[in-house]
Amino acid sequence: MKFQSSIVPIVYAAPVLAGAFFLFQKISKNYAKSWDIEWGYYAVLALFIWLCGALIWNAKEIFQKVKDYLPSKLSMLGLAALLVLFTVFASTQISLQHRVLSDETSWESMALQMHFDQSGGVCNQGVWVDGKLECKDVVNNFKGKAFAFVHSLAFLFAEPTRETALRVNLPLAICSIALLFFAMFRFTKDQWLALTAAIFLASQPIFLMQSRSASTEVLYIFLFASLLSFYSLIPPKEVGLKHFALIIPLLGFFAQTRQETLFCFIPFVLFYYSYFTAKPWRLAIFTALVLLVSWPAINTMIAYRGYDFQGGQHAAHSFANFVFNLKSNIRIMWNAGLDSKGLLIYPFYTIYAFLLYAGFVWLLFKLIISKKYRWAALLFALFCLQIAVILLNVSGTFEIDINQRYVLVALPLFAIVMAVGLCDVSGGRSKIICAAVAILAIALSVKHIESFNKNILYNKNKLLAEEDYLNTELKKLPKNSIFIYARPWQMLASGFNGFSERQFLGWSPNELEKWREFSGDNIYVVRGQDGYGEVNRQSRVVGFKTTGTIDQILNEYRTHRIFSERQPFGYPLEAYKIGRKVGELNYAASIRWNVESEEIQWSLPDTSVDYRVFLNNEFLDLERDVHSFSLKEPGLHYGVLKVFLESDTVQRETQFFIGSESNRLLQSVRPNKWSQDWGEPNMGKTVENNTIRIGKRIFEFGIGAHANSNLVWNLNGAYKKFHSYIGLDDEAIGGNGAIWVVKGDGKELYRSRVLVSHEIDSLSIDISGVNVLELETLDNGNKDYDHTNWAGAWLE
């Protein structure tokens, strides 16, 4: 009967889990990515408001329960001393800097996007204008949103800078130590055992290091310790609705620290199993609400379902990885070792590893012979499911130095096992054990103080030294300078303007002139570690390289080297100022459309030269001193300025659209629905976010897609004609061509011939009375390189 009552809640919850799994499988990656950017921030904001409300609701009870059962003054004094020593040591002996560069700067860039634009994506490329980030390219990130949201909260009270973000982790780490102490005290009724666990956590080298960085694992520990503390206050017999009102949003935030965290939720349910068995429907509601608050994390898993960005000997997610990672991590923690300079090679203490392994074996022995700790062992094992998931991943090995931070996921458990094991084997002499561990922790910290001073954590990562050097040198250049760099989001997080090499090469001449004007003609390409060599698919960390695009920039443009530094990187870290294209005259003529005055305007540095202005391929016969032409005819127009110099002819082009109640660019409205085999449709740019180019012809407007694609607009019969140029974009040359199809209300109105690279065609189709307009592109048997464009597409 007891077994049956335990099963019933699971039966109630099963349809909820099945429905979530069904959604997980059915929601497309493209939809998940769009939702992530558009709604991700608001989902986390709503969760935060819920959390604050629930905390207020529970505050009085929490305060009373803590007050009713406090540790002794002596142990509290010991905790205070520990927190002071931890704060002073971390603040004075460990530098404040990034330690996992790409992840940390992406969280910071996401936080900037949340702060300025209330978007859930990462600002990948953009510029700073009057202290505000103007994002030009928002992308998804498979990392959790919780940490970026915490940064965005910090930005409300301090400058939205790298330094502000880096200062967030230390207070979180301090609170984590205190919360773990109180949780262990409440659970074990042993204040000295609790303080021992807190000392073990606080004195771990990797925890100390990460407290002075901007990595999400410290937030993970803070939220875990918060949950543990709250659970220690509320026993199963007392738990009720108001308590779950706080537990659910805490779990929601916890889920969004790391993508594997969802796998550790079972023990948080099992702890209160009696509450759920009393009324089985409770588990179904609890499960549904936890899935709801965790949805941004689940949605991210959908968006990156099947994504494989790493290499190595084994499959990206496999049992072979699990075995390899487990063995290598045990070995590395056991044998941290010293280098030739006496510095720790790995951020671990061998003696701590010994205490951990010995404590685990001892507790397992006690569990077998006396059945002691059975309940705690079960919860412990279920919590470790997420650790198993990490170990299944190709990047779960500590041999990859930047992934040594993953141990922080298990660090509170390690501290608990070490403390409980030592106190148990000593026969309950926890006060003596606590004093001994405190002395050991201080001795180890003092002995290895130089390792902390020299930043032994990830000190082999040259990108960290590269970041520090660039942050110093680039500040010496003009304020509005634009930097072309492999990691443009890093530039943004450091307060610089940043674009990728590929984006720079994709700019139209007009865009390039616009950014030259914005920057005062100070555009620089920075070549760092990512700009040398090729991608190594045999490595467990594949990464990416931009060698080819940097070489293309340096070959196609006149450049002037600003600096070149080889030490301490082992490769030349260089910056070049980008001039005009090779063979192009440095002649600052321009033609543009002035929206406010509705005029096409042109300018020349020397008005005595001979020049011609063309509008829609027709010569404008105007007086020489006239430098503008009024135009109000709706539609898409092309302006060309040709300047005839003695040695060459300079040509500048522009496109502009004059809208009206009955004319509009199709890109001005997102499709009502769409599907696409690769990427997602891009309004005004190619599928890879570059300027649209077909056969070297540049288009300022249009829609970039990829075959096979289907884009649908509800027009409600409001337009009579659809105009567009069609062709494959120059960014992806190759393949066997594609086909463009236009449908109105399900009826095919147009089908193109097969167009291959550099071929362009135009169409003007009657869509009178059409309610639903469909634009399709079809591969010609092979979708590779099929970057299809609807260039200059507009409705009349």
# chains A, B, ... in the order shown; residues from 1 in each chain; ligands from 1
$ residues_around --residues "segment 784-796 of chain A" --least-positions-apart "4" --cutoff "6 Å" --atoms "only C-alpha atoms" --output "compact mmCIF listing (two decimals) with C-alpha atoms, in the first residue's frame"
# COMPACT_ATOMS: atom_id res chain seq x y z
CA SER A 662 0.26 51.60 -50.40
CA ASN A 663 4.01 50.88 -50.73
CA ARG A 664 6.33 49.17 -48.29
CA LEU A 665 9.53 47.17 -48.11
CA LEU A 666 8.77 43.55 -47.43
CA PHE A 701 17.38 46.16 -48.82
CA GLY A 702 15.96 42.68 -49.12
CA ILE A 703 15.57 39.37 -47.33
CA GLY A 704 18.33 36.79 -46.95
CA ALA A 705 17.17 33.17 -46.78
CA HIS A 706 18.53 29.69 -47.38
CA ALA A 707 17.01 26.92 -49.45
CA TYR A 719 -1.30 45.21 -52.42
CA LYS A 720 -1.31 44.91 -56.18
CA LYS A 721 2.29 44.06 -57.11
CA PHE A 722 5.33 42.34 -55.68
CA HIS A 723 8.78 43.42 -56.93
CA SER A 724 12.12 41.78 -56.25
CA TYR A 725 15.52 40.79 -57.57
CA ILE A 726 16.50 37.18 -56.95
CA GLY A 727 19.78 35.31 -56.89
CA LEU A 728 22.33 33.48 -54.74
CA ASP A 729 24.46 35.66 -52.52
CA ALA A 732 28.58 31.43 -50.54
CA GLY A 734 29.37 27.09 -55.19
CA GLY A 735 26.62 24.54 -55.31
$ residues_around --residues "Ala288 of chain A" --least-positions-apart "4" --cutoff "10 Å" --atoms "only C-alpha atoms" --output "list of chain:residue names"
A:Ala13, A:Pro15, A:Val16, A:Leu17, A:Gly19, A:Ala20, A:Arg282, A:Leu283, A:Ala284, A:Leu292, A:Val293, A:Ser294
$ closest_residue --among "A:Gln404, A:Asn30, A:Thr397, A:Gln386" --to "Tyr304 of chain A" --atoms "only C-alpha atoms"
A:Asn30
$ residues_around --residues "Gln490 of chain A" --least-positions-apart "5" --cutoff "9 Å" --atoms "only C-alpha atoms" --output "PyMOL selection string"
chain A and resi 101-102+104-106+108-109+124+467+485+495-496+498
$ atom_distance --atom1 "atom CA of Ile302 of chain A" --atom2 "atom CA of Ala111 of chain A"
21.8 Å
$ residues_around --residues "Gly744 of chain A" --least-positions-apart "4" --cutoff "12 Å" --atoms "only C-alpha atoms" --output "list in words"
Leu711, Val712, Trp713, Asn714, Leu715, Asn716, Gly717, Tyr719, Lys720, Lys721, Phe722, Glu748, Leu749, Tyr750, Ile765, Asp766, Ile767, Ser768, Gly769, Val770, Asn771, Val772, Leu773, Glu774, Leu775 and Glu776 of chain A
$ residues_around --residues "Arg697 of chain A" --least-positions-apart "3" --cutoff "10 Å" --atoms "only C-alpha atoms" --output "VMD selection string"
chain A and resid 508 692 to 694 729 to 730 758 760
$ select_by_dssp --residues "segment 414-515 of chain A" --states "strand (DSSP E)" --output "mmCIF file with N, CA, C and O atoms, in the first residue's frame"
data_model
loop_
_atom_site.group_PDB
_atom_site.id
_atom_site.type_symbol
_atom_site.label_atom_id
_atom_site.label_comp_id
_atom_site.auth_asym_id
_atom_site.auth_seq_id
_atom_site.Cartn_x
_atom_site.Cartn_y
_atom_site.Cartn_z
ATOM 1 N N ILE A 482 36.674 51.794 -34.326
ATOM 2 C CA ILE A 482 35.993 50.518 -34.520
ATOM 3 C C ILE A 482 37.050 49.435 -34.682
ATOM 4 O O ILE A 482 38.004 49.591 -35.449
ATOM 5 N N PHE A 483 36.867 48.326 -33.962
ATOM 6 C CA PHE A 483 37.844 47.249 -33.996
ATOM 7 C C PHE A 483 37.235 46.002 -34.628
ATOM 8 O O PHE A 483 36.168 45.528 -34.202
ATOM 9 N N ILE A 484 37.903 45.520 -35.651
ATOM 10 C CA ILE A 484 37.505 44.302 -36.347
ATOM 11 C C ILE A 484 38.278 43.165 -35.697
ATOM 12 O O ILE A 484 39.505 43.129 -35.740
ATOM 13 N N ASN A 497 34.041 49.493 -29.554
ATOM 14 C CA ASN A 497 33.172 49.165 -30.678
ATOM 15 C C ASN A 497 33.755 47.945 -31.390
ATOM 16 O O ASN A 497 34.960 47.902 -31.655
ATOM 17 N N GLY A 498 32.913 46.963 -31.705
ATOM 18 C CA GLY A 498 33.457 45.736 -32.280
ATOM 19 C C GLY A 498 32.588 45.113 -33.353
ATOM 20 O O GLY A 498 31.358 45.075 -33.227
ATOM 21 N N PHE A 499 33.251 44.647 -34.414
ATOM 22 C CA PHE A 499 32.603 43.875 -35.475
ATOM 23 C C PHE A 499 33.536 42.738 -35.863
ATOM 24 O O PHE A 499 34.752 42.809 -35.662
#
$ residues_around --residues "segment 74-87 of chain A" --least-positions-apart "5" --cutoff "12 Å" --atoms "only C-alpha atoms" --output "PDB file with N, CA and C atoms, in the first residue's frame"
ATOM      1  N   THR A  92      43.046  40.774  -1.909  1.00  0.00           N
ATOM      2  CA  THR A  92      44.415  41.289  -1.938  1.00  0.00           C
ATOM      3  C   THR A  92      45.406  40.389  -2.668  1.00  0.00           C
ATOM      4  N   GLN A  93      45.099  39.097  -2.764  1.00  0.00           N
ATOM      5  CA  GLN A  93      46.071  38.168  -3.330  1.00  0.00           C
ATOM      6  C   GLN A  93      45.690  37.628  -4.705  1.00  0.00           C
ATOM      7  N   ILE A  94      44.457  37.875  -5.125  1.00  0.00           N
ATOM      8  CA  ILE A  94      43.987  37.317  -6.395  1.00  0.00           C
ATOM      9  C   ILE A  94      43.515  38.454  -7.282  1.00  0.00           C
ATOM     10  N   ASN A 169      30.919  38.387  -8.343  1.00  0.00           N
ATOM     11  CA  ASN A 169      31.091  37.047  -7.782  1.00  0.00           C
ATOM     12  C   ASN A 169      31.570  37.018  -6.333  1.00  0.00           C
ATOM     13  N   LEU A 170      32.378  37.973  -5.910  1.00  0.00           N
ATOM     14  CA  LEU A 170      32.912  37.917  -4.553  1.00  0.00           C
ATOM     15  C   LEU A 170      31.807  37.956  -3.489  1.00  0.00           C
ATOM     16  N   PRO A 171      30.857  38.899  -3.546  1.00  0.00           N
ATOM     17  CA  PRO A 171      29.767  38.855  -2.555  1.00  0.00           C
ATOM     18  C   PRO A 171      28.931  37.576  -2.644  1.00  0.00           C
ATOM     19  N   LEU A 172      28.754  37.041  -3.855  1.00  0.00           N
ATOM     20  CA  LEU A 172      28.024  35.778  -3.996  1.00  0.00           C
ATOM     21  C   LEU A 172      28.782  34.640  -3.307  1.00  0.00           C
ATOM     22  N   ALA A 173      30.099  34.633  -3.454  1.00  0.00           N
ATOM     23  CA  ALA A 173      30.917  33.588  -2.830  1.00  0.00           C
ATOM     24  C   ALA A 173      30.855  33.694  -1.309  1.00  0.00           C
ATOM     25  N   ILE A 174      30.935  34.901  -0.784  1.00  0.00           N
ATOM     26  CA  ILE A 174      30.868  35.110   0.670  1.00  0.00           C
ATOM     27  C   ILE A 174      29.535  34.604   1.220  1.00  0.00           C
ATOM     28  N   CYS A 175      28.462  34.963   0.561  1.00  0.00           N
ATOM     29  CA  CYS A 175      27.127  34.510   0.991  1.00  0.00           C
ATOM     30  C   CYS A 175      27.006  32.992   0.899  1.00  0.00           C
ATOM     31  N   SER A 176      27.613  32.392  -0.129  1.00  0.00           N
ATOM     32  CA  SER A 176      27.552  30.940  -0.298  1.00  0.00           C
ATOM     33  C   SER A 176      28.181  30.216   0.880  1.00  0.00           C
ATOM     34  N   ILE A 177      29.318  30.714   1.356  1.00  0.00           N
ATOM     35  CA  ILE A 177      30.009  30.100   2.494  1.00  0.00           C
ATOM     36  C   ILE A 177      29.116  30.143   3.735  1.00  0.00           C
ATOM     37  N   ALA A 178      28.532  31.317   3.987  1.00  0.00           N
ATOM     38  CA  ALA A 178      27.668  31.479   5.163  1.00  0.00           C
ATOM     39  C   ALA A 178      26.423  30.592   5.063  1.00  0.00           C
ATOM     40  N   LEU A 179      25.818  30.551   3.877  1.00  0.00           N
ATOM     41  CA  LEU A 179      24.605  29.740   3.696  1.00  0.00           C
ATOM     42  C   LEU A 179      24.889  28.254   3.861  1.00  0.00           C
ATOM     43  N   LEU A 180      26.039  27.799   3.350  1.00  0.00           N
ATOM     44  CA  LEU A 180      26.386  26.385   3.514  1.00  0.00           C
ATOM     45  C   LEU A 180      26.567  26.055   4.994  1.00  0.00           C
ATOM     46  N   PHE A 181      27.191  26.959   5.744  1.00  0.00           N
ATOM     47  CA  PHE A 181      27.370  26.749   7.180  1.00  0.00           C
ATOM     48  C   PHE A 181      26.021  26.591   7.884  1.00  0.00           C
ATOM     49  N   PHE A 182      25.105  27.508   7.633  1.00  0.00           N
ATOM     50  CA  PHE A 182      23.815  27.450   8.309  1.00  0.00           C
ATOM     51  C   PHE A 182      23.015  26.213   7.884  1.00  0.00           C
ATOM     52  N   PHE A 185      24.542  23.198   9.631  1.00  0.00           N
ATOM     53  CA  PHE A 185      24.231  23.258  11.057  1.00  0.00           C
ATOM     54  C   PHE A 185      22.810  22.785  11.322  1.00  0.00           C
ATOM     55  N   ASP A 190      25.267  19.997  14.242  1.00  0.00           N
ATOM     56  CA  ASP A 190      26.671  20.039  14.666  1.00  0.00           C
ATOM     57  C   ASP A 190      27.313  21.280  14.055  1.00  0.00           C
ATOM     58  N   GLN A 191      27.492  22.309  14.880  1.00  0.00           N
ATOM     59  CA  GLN A 191      27.992  23.581  14.381  1.00  0.00           C
ATOM     60  C   GLN A 191      29.445  23.503  13.909  1.00  0.00           C
ATOM     61  N   TRP A 192      30.234  22.626  14.527  1.00  0.00           N
ATOM     62  CA  TRP A 192      31.649  22.538  14.145  1.00  0.00           C
ATOM     63  C   TRP A 192      31.819  21.739  12.857  1.00  0.00           C
ATOM     64  N   LEU A 193      30.986  20.740  12.675  1.00  0.00           N
ATOM     65  CA  LEU A 193      30.976  20.051  11.378  1.00  0.00           C
ATOM     66  C   LEU A 193      30.573  21.031  10.283  1.00  0.00           C
ATOM     67  N   ALA A 194      29.566  21.851  10.561  1.00  0.00           N
ATOM     68  CA  ALA A 194      29.102  22.839   9.584  1.00  0.00           C
ATOM     69  C   ALA A 194      30.208  23.823   9.243  1.00  0.00           C
ATOM     70  N   LEU A 195      30.939  24.277  10.262  1.00  0.00           N
ATOM     71  CA  LEU A 195      32.023  25.230  10.011  1.00  0.00           C
ATOM     72  C   LEU A 195      33.165  24.564   9.245  1.00  0.00           C
ATOM     73  N   THR A 196      33.389  23.278   9.513  1.00  0.00           N
ATOM     74  CA  THR A 196      34.418  22.533   8.768  1.00  0.00           C
ATOM     75  C   THR A 196      34.069  22.484   7.279  1.00  0.00           C
ATOM     76  N   ALA A 197      32.810  22.194   6.969  1.00  0.00           N
ATOM     77  CA  ALA A 197      32.378  22.173   5.563  1.00  0.00           C
ATOM     78  C   ALA A 197      32.557  23.542   4.921  1.00  0.00           C
ATOM     79  N   ALA A 198      32.224  24.606   5.661  1.00  0.00           N
ATOM     80  CA  ALA A 198      32.374  25.964   5.130  1.00  0.00           C
ATOM     81  C   ALA A 198      33.844  26.288   4.869  1.00  0.00           C
ATOM     82  N   ILE A 199      34.734  25.836   5.759  1.00  0.00           N
ATOM     83  CA  ILE A 199      36.176  26.076   5.566  1.00  0.00           C
ATOM     84  C   ILE A 199      36.677  25.344   4.331  1.00  0.00           C
ATOM     85  N   PHE A 200      36.250  24.078   4.184  1.00  0.00           N
ATOM     86  CA  PHE A 200      36.668  23.314   3.003  1.00  0.00           C
ATOM     87  C   PHE A 200      36.228  24.011   1.716  1.00  0.00           C
ATOM     88  N   LEU A 201      35.004  24.514   1.676  1.00  0.00           N
ATOM     89  CA  LEU A 201      34.523  25.217   0.484  1.00  0.00           C
ATOM     90  C   LEU A 201      35.329  26.489   0.248  1.00  0.00           C
ATOM     91  N   ALA A 202      35.502  27.290   1.288  1.00  0.00           N
ATOM     92  CA  ALA A 202      36.143  28.604   1.142  1.00  0.00           C
ATOM     93  C   ALA A 202      37.611  28.510   0.758  1.00  0.00           C
ATOM     94  N   SER A 203      38.293  27.436   1.161  1.00  0.00           N
ATOM     95  CA  SER A 203      39.742  27.361   0.950  1.00  0.00           C
ATOM     96  C   SER A 203      40.143  26.610  -0.302  1.00  0.00           C
ATOM     97  N   GLN A 204      39.164  26.128  -1.069  1.00  0.00           N
ATOM     98  CA  GLN A 204      39.512  25.467  -2.330  1.00  0.00           C
ATOM     99  C   GLN A 204      40.093  26.501  -3.297  1.00  0.00           C
ATOM    100  N   PRO A 205      41.276  26.253  -3.873  1.00  0.00           N
ATOM    101  CA  PRO A 205      41.903  27.242  -4.760  1.00  0.00           C
ATOM    102  C   PRO A 205      41.011  27.678  -5.917  1.00  0.00           C
ATOM    103  N   PHE A 207      37.754  27.761  -6.069  1.00  0.00           N
ATOM    104  CA  PHE A 207      36.655  28.600  -5.586  1.00  0.00           C
ATOM    105  C   PHE A 207      37.159  30.014  -5.299  1.00  0.00           C
ATOM    106  N   LEU A 208      38.315  30.114  -4.686  1.00  0.00           N
ATOM    107  CA  LEU A 208      38.915  31.427  -4.426  1.00  0.00           C
ATOM    108  C   LEU A 208      39.158  32.181  -5.738  1.00  0.00           C
ATOM    109  N   MET A 209      39.719  31.477  -6.702  1.00  0.00           N
ATOM    110  CA  MET A 209      40.007  32.103  -7.995  1.00  0.00           C
ATOM    111  C   MET A 209      38.734  32.577  -8.692  1.00  0.00           C
ATOM    112  N   SER A 211      35.972  33.380  -7.440  1.00  0.00           N
ATOM    113  CA  SER A 211      35.300  34.480  -6.745  1.00  0.00           C
ATOM    114  C   SER A 211      35.776  35.832  -7.251  1.00  0.00           C
ATOM    115  N   ARG A 212      36.887  35.819  -7.975  1.00  0.00           N
ATOM    116  CA  ARG A 212      37.436  37.075  -8.525  1.00  0.00           C
ATOM    117  C   ARG A 212      37.378  37.057 -10.053  1.00  0.00           C
ATOM    118  N   SER A 430      34.176  16.824  16.395  1.00  0.00           N
ATOM    119  CA  SER A 430      34.094  17.796  15.298  1.00  0.00           C
ATOM    120  C   SER A 430      34.779  19.118  15.617  1.00  0.00           C
ATOM    121  N   LYS A 431      34.815  19.501  16.886  1.00  0.00           N
ATOM    122  CA  LYS A 431      35.456  20.777  17.239  1.00  0.00           C
ATOM    123  C   LYS A 431      36.960  20.704  16.984  1.00  0.00           C
ATOM    124  N   CYS A 434      37.509  20.653  13.248  1.00  0.00           N
ATOM    125  CA  CYS A 434      37.330  21.995  12.683  1.00  0.00           C
ATOM    126  C   CYS A 434      38.581  22.839  12.880  1.00  0.00           C
ATOM    127  N   ALA A 435      39.153  22.798  14.080  1.00  0.00           N
ATOM    128  CA  ALA A 435      40.373  23.569  14.352  1.00  0.00           C
ATOM    129  C   ALA A 435      41.527  23.094  13.481  1.00  0.00           C
ATOM    130  N   VAL A 437      41.349  21.541  10.528  1.00  0.00           N
ATOM    131  CA  VAL A 437      41.094  21.905   9.126  1.00  0.00           C
ATOM    132  C   VAL A 437      41.352  23.395   8.907  1.00  0.00           C
ATOM    133  N   ALA A 438      40.993  24.221   9.890  1.00  0.00           N
ATOM    134  CA  ALA A 438      41.240  25.661   9.777  1.00  0.00           C
ATOM    135  C   ALA A 438      42.737  25.941   9.678  1.00  0.00           C
ATOM    136  N   ILE A 439      43.511  25.271  10.515  1.00  0.00           N
ATOM    137  CA  ILE A 439      44.973  25.440  10.474  1.00  0.00           C
ATOM    138  C   ILE A 439      45.520  24.961   9.135  1.00  0.00           C
ATOM    139  N   ALA A 441      43.932  24.765   6.235  1.00  0.00           N
ATOM    140  CA  ALA A 441      43.518  25.672   5.163  1.00  0.00           C
ATOM    141  C   ALA A 441      44.383  26.921   5.132  1.00  0.00           C
ATOM    142  N   ILE A 442      44.664  27.480   6.308  1.00  0.00           N
ATOM    143  CA  ILE A 442      45.510  28.681   6.374  1.00  0.00           C
ATOM    144  C   ILE A 442      46.922  28.354   5.905  1.00  0.00           C
ATOM    145  N   SER A 445      47.038  27.953   2.102  1.00  0.00           N
ATOM    146  CA  SER A 445      46.867  29.240   1.419  1.00  0.00           C
ATOM    147  C   SER A 445      48.148  30.061   1.484  1.00  0.00           C
ATOM    148  N   VAL A 446      48.786  30.055   2.659  1.00  0.00           N
ATOM    149  CA  VAL A 446      50.038  30.809   2.817  1.00  0.00           C
ATOM    150  C   VAL A 446      51.149  30.166   1.996  1.00  0.00           C
TER     151      VAL A 446
END
$ select_by_dssp --residues "segment 229-400 of chain A" --states "helix (DSSP H, G or I)" --output "number ranges by chain"
A: 229-233, 241-255, 261-264, 266-270, 273-278, 281-293, 295-303, 319-334, 350-370, 374-383, 385-392
$ atom_distance --atom1 "atom CA of Thr300 of chain A" --atom2 "atom CA of Thr287 of chain A"
18.9 Å
$ atom_distance --atom1 "atom CA of Pro235 of chain A" --atom2 "atom CA of Ala146 of chain A"
27.8 Å
$ closest_residue --among "A:Trp35, A:Tyr352, A:Phe319, A:Tyr524" --to "Asn335 of chain A" --atoms "only C-alpha atoms"
A:Tyr352
$ closest_residue --among "A:Phe657, A:Leu573, A:Glu623, A:Gly506" --to "Glu598 of chain A" --atoms "only C-alpha atoms"
A:Phe657
$ closest_residue --among "A:Val643, A:Ile37, A:Ala183, A:Leu463" --to "Ile416 of chain A" --atoms "only C-alpha atoms"
A:Ala183
$ decode --residues "segment 733-749 of chain A" --atoms "N, CA, C and O atoms" --output "PDB file, in the first residue's frame"
ATOM      1  N   ILE A 733      29.771  31.013 -52.601  1.00  0.00           N
ATOM      2  CA  ILE A 733      29.909  30.655 -54.013  1.00  0.00           C
ATOM      3  C   ILE A 733      30.075  29.144 -54.136  1.00  0.00           C
ATOM      4  O   ILE A 733      30.905  28.536 -53.457  1.00  0.00           O
ATOM      5  N   GLY A 734      29.287  28.533 -54.983  1.00  0.00           N
ATOM      6  CA  GLY A 734      29.373  27.091 -55.187  1.00  0.00           C
ATOM      7  C   GLY A 734      27.980  26.499 -55.304  1.00  0.00           C
ATOM      8  O   GLY A 734      26.990  27.204 -55.436  1.00  0.00           O
ATOM      9  N   GLY A 735      27.909  25.208 -55.237  1.00  0.00           N
ATOM     10  CA  GLY A 735      26.617  24.539 -55.308  1.00  0.00           C
ATOM     11  C   GLY A 735      26.097  24.444 -56.728  1.00  0.00           C
ATOM     12  O   GLY A 735      26.718  24.888 -57.689  1.00  0.00           O
ATOM     13  N   ASN A 736      24.891  23.876 -56.848  1.00  0.00           N
ATOM     14  CA  ASN A 736      24.314  23.660 -58.179  1.00  0.00           C
ATOM     15  C   ASN A 736      23.070  24.504 -58.415  1.00  0.00           C
ATOM     16  O   ASN A 736      22.239  24.177 -59.249  1.00  0.00           O
ATOM     17  N   GLY A 737      22.916  25.604 -57.667  1.00  0.00           N
ATOM     18  CA  GLY A 737      21.844  26.542 -57.938  1.00  0.00           C
ATOM     19  C   GLY A 737      20.589  26.299 -57.119  1.00  0.00           C
ATOM     20  O   GLY A 737      20.469  25.316 -56.381  1.00  0.00           O
ATOM     21  N   ALA A 738      19.634  27.231 -57.247  1.00  0.00           N
ATOM     22  CA  ALA A 738      18.379  27.156 -56.503  1.00  0.00           C
ATOM     23  C   ALA A 738      17.245  27.716 -57.351  1.00  0.00           C
ATOM     24  O   ALA A 738      17.470  28.313 -58.412  1.00  0.00           O
ATOM     25  N   ILE A 739      16.012  27.521 -56.863  1.00  0.00           N
ATOM     26  CA  ILE A 739      14.799  27.954 -57.577  1.00  0.00           C
ATOM     27  C   ILE A 739      13.977  28.837 -56.643  1.00  0.00           C
ATOM     28  O   ILE A 739      13.844  28.549 -55.446  1.00  0.00           O
ATOM     29  N   TRP A 740      13.416  29.917 -57.200  1.00  0.00           N
ATOM     30  CA  TRP A 740      12.583  30.842 -56.431  1.00  0.00           C
ATOM     31  C   TRP A 740      11.124  30.684 -56.867  1.00  0.00           C
ATOM     32  O   TRP A 740      10.829  30.632 -58.062  1.00  0.00           O
ATOM     33  N   VAL A 741      10.220  30.610 -55.895  1.00  0.00           N
ATOM     34  CA  VAL A 741       8.799  30.407 -56.177  1.00  0.00           C
ATOM     35  C   VAL A 741       7.982  31.437 -55.395  1.00  0.00           C
ATOM     36  O   VAL A 741       8.247  31.680 -54.210  1.00  0.00           O
ATOM     37  N   VAL A 742       6.983  32.043 -56.056  1.00  0.00           N
ATOM     38  CA  VAL A 742       6.058  32.963 -55.403  1.00  0.00           C
ATOM     39  C   VAL A 742       4.661  32.360 -55.485  1.00  0.00           C
ATOM     40  O   VAL A 742       4.215  31.945 -56.563  1.00  0.00           O
ATOM     41  N   LYS A 743       3.966  32.308 -54.331  1.00  0.00           N
ATOM     42  CA  LYS A 743       2.600  31.789 -54.289  1.00  0.00           C
ATOM     43  C   LYS A 743       1.668  32.820 -53.667  1.00  0.00           C
ATOM     44  O   LYS A 743       2.062  33.541 -52.750  1.00  0.00           O
ATOM     45  N   GLY A 744       0.447  32.871 -54.183  1.00  0.00           N
ATOM     46  CA  GLY A 744      -0.580  33.713 -53.611  1.00  0.00           C
ATOM     47  C   GLY A 744      -1.794  32.883 -53.265  1.00  0.00           C
ATOM     48  O   GLY A 744      -2.363  32.231 -54.159  1.00  0.00           O
ATOM     49  N   ASP A 745      -2.159  32.853 -51.993  1.00  0.00           N
ATOM     50  CA  ASP A 745      -3.282  32.042 -51.511  1.00  0.00           C
ATOM     51  C   ASP A 745      -3.158  30.586 -51.946  1.00  0.00           C
ATOM     52  O   ASP A 745      -4.129  29.935 -52.353  1.00  0.00           O
ATOM     53  N   GLY A 746      -1.918  30.083 -51.897  1.00  0.00           N
ATOM     54  CA  GLY A 746      -1.654  28.689 -52.219  1.00  0.00           C
ATOM     55  C   GLY A 746      -1.451  28.405 -53.693  1.00  0.00           C
ATOM     56  O   GLY A 746      -1.048  27.305 -54.069  1.00  0.00           O
ATOM     57  N   LYS A 747      -1.725  29.390 -54.557  1.00  0.00           N
ATOM     58  CA  LYS A 747      -1.583  29.204 -56.002  1.00  0.00           C
ATOM     59  C   LYS A 747      -0.220  29.723 -56.453  1.00  0.00           C
ATOM     60  O   LYS A 747       0.186  30.821 -56.098  1.00  0.00           O
ATOM     61  N   GLU A 748       0.474  28.932 -57.261  1.00  0.00           N
ATOM     62  CA  GLU A 748       1.785  29.348 -57.742  1.00  0.00           C
ATOM     63  C   GLU A 748       1.646  30.469 -58.772  1.00  0.00           C
ATOM     64  O   GLU A 748       0.992  30.311 -59.796  1.00  0.00           O
ATOM     65  N   LEU A 749       2.293  31.604 -58.493  1.00  0.00           N
ATOM     66  CA  LEU A 749       2.251  32.767 -59.382  1.00  0.00           C
ATOM     67  C   LEU A 749       3.529  32.929 -60.191  1.00  0.00           C
ATOM     68  O   LEU A 749       3.518  33.568 -61.235  1.00  0.00           O
TER      69      LEU A 749
END
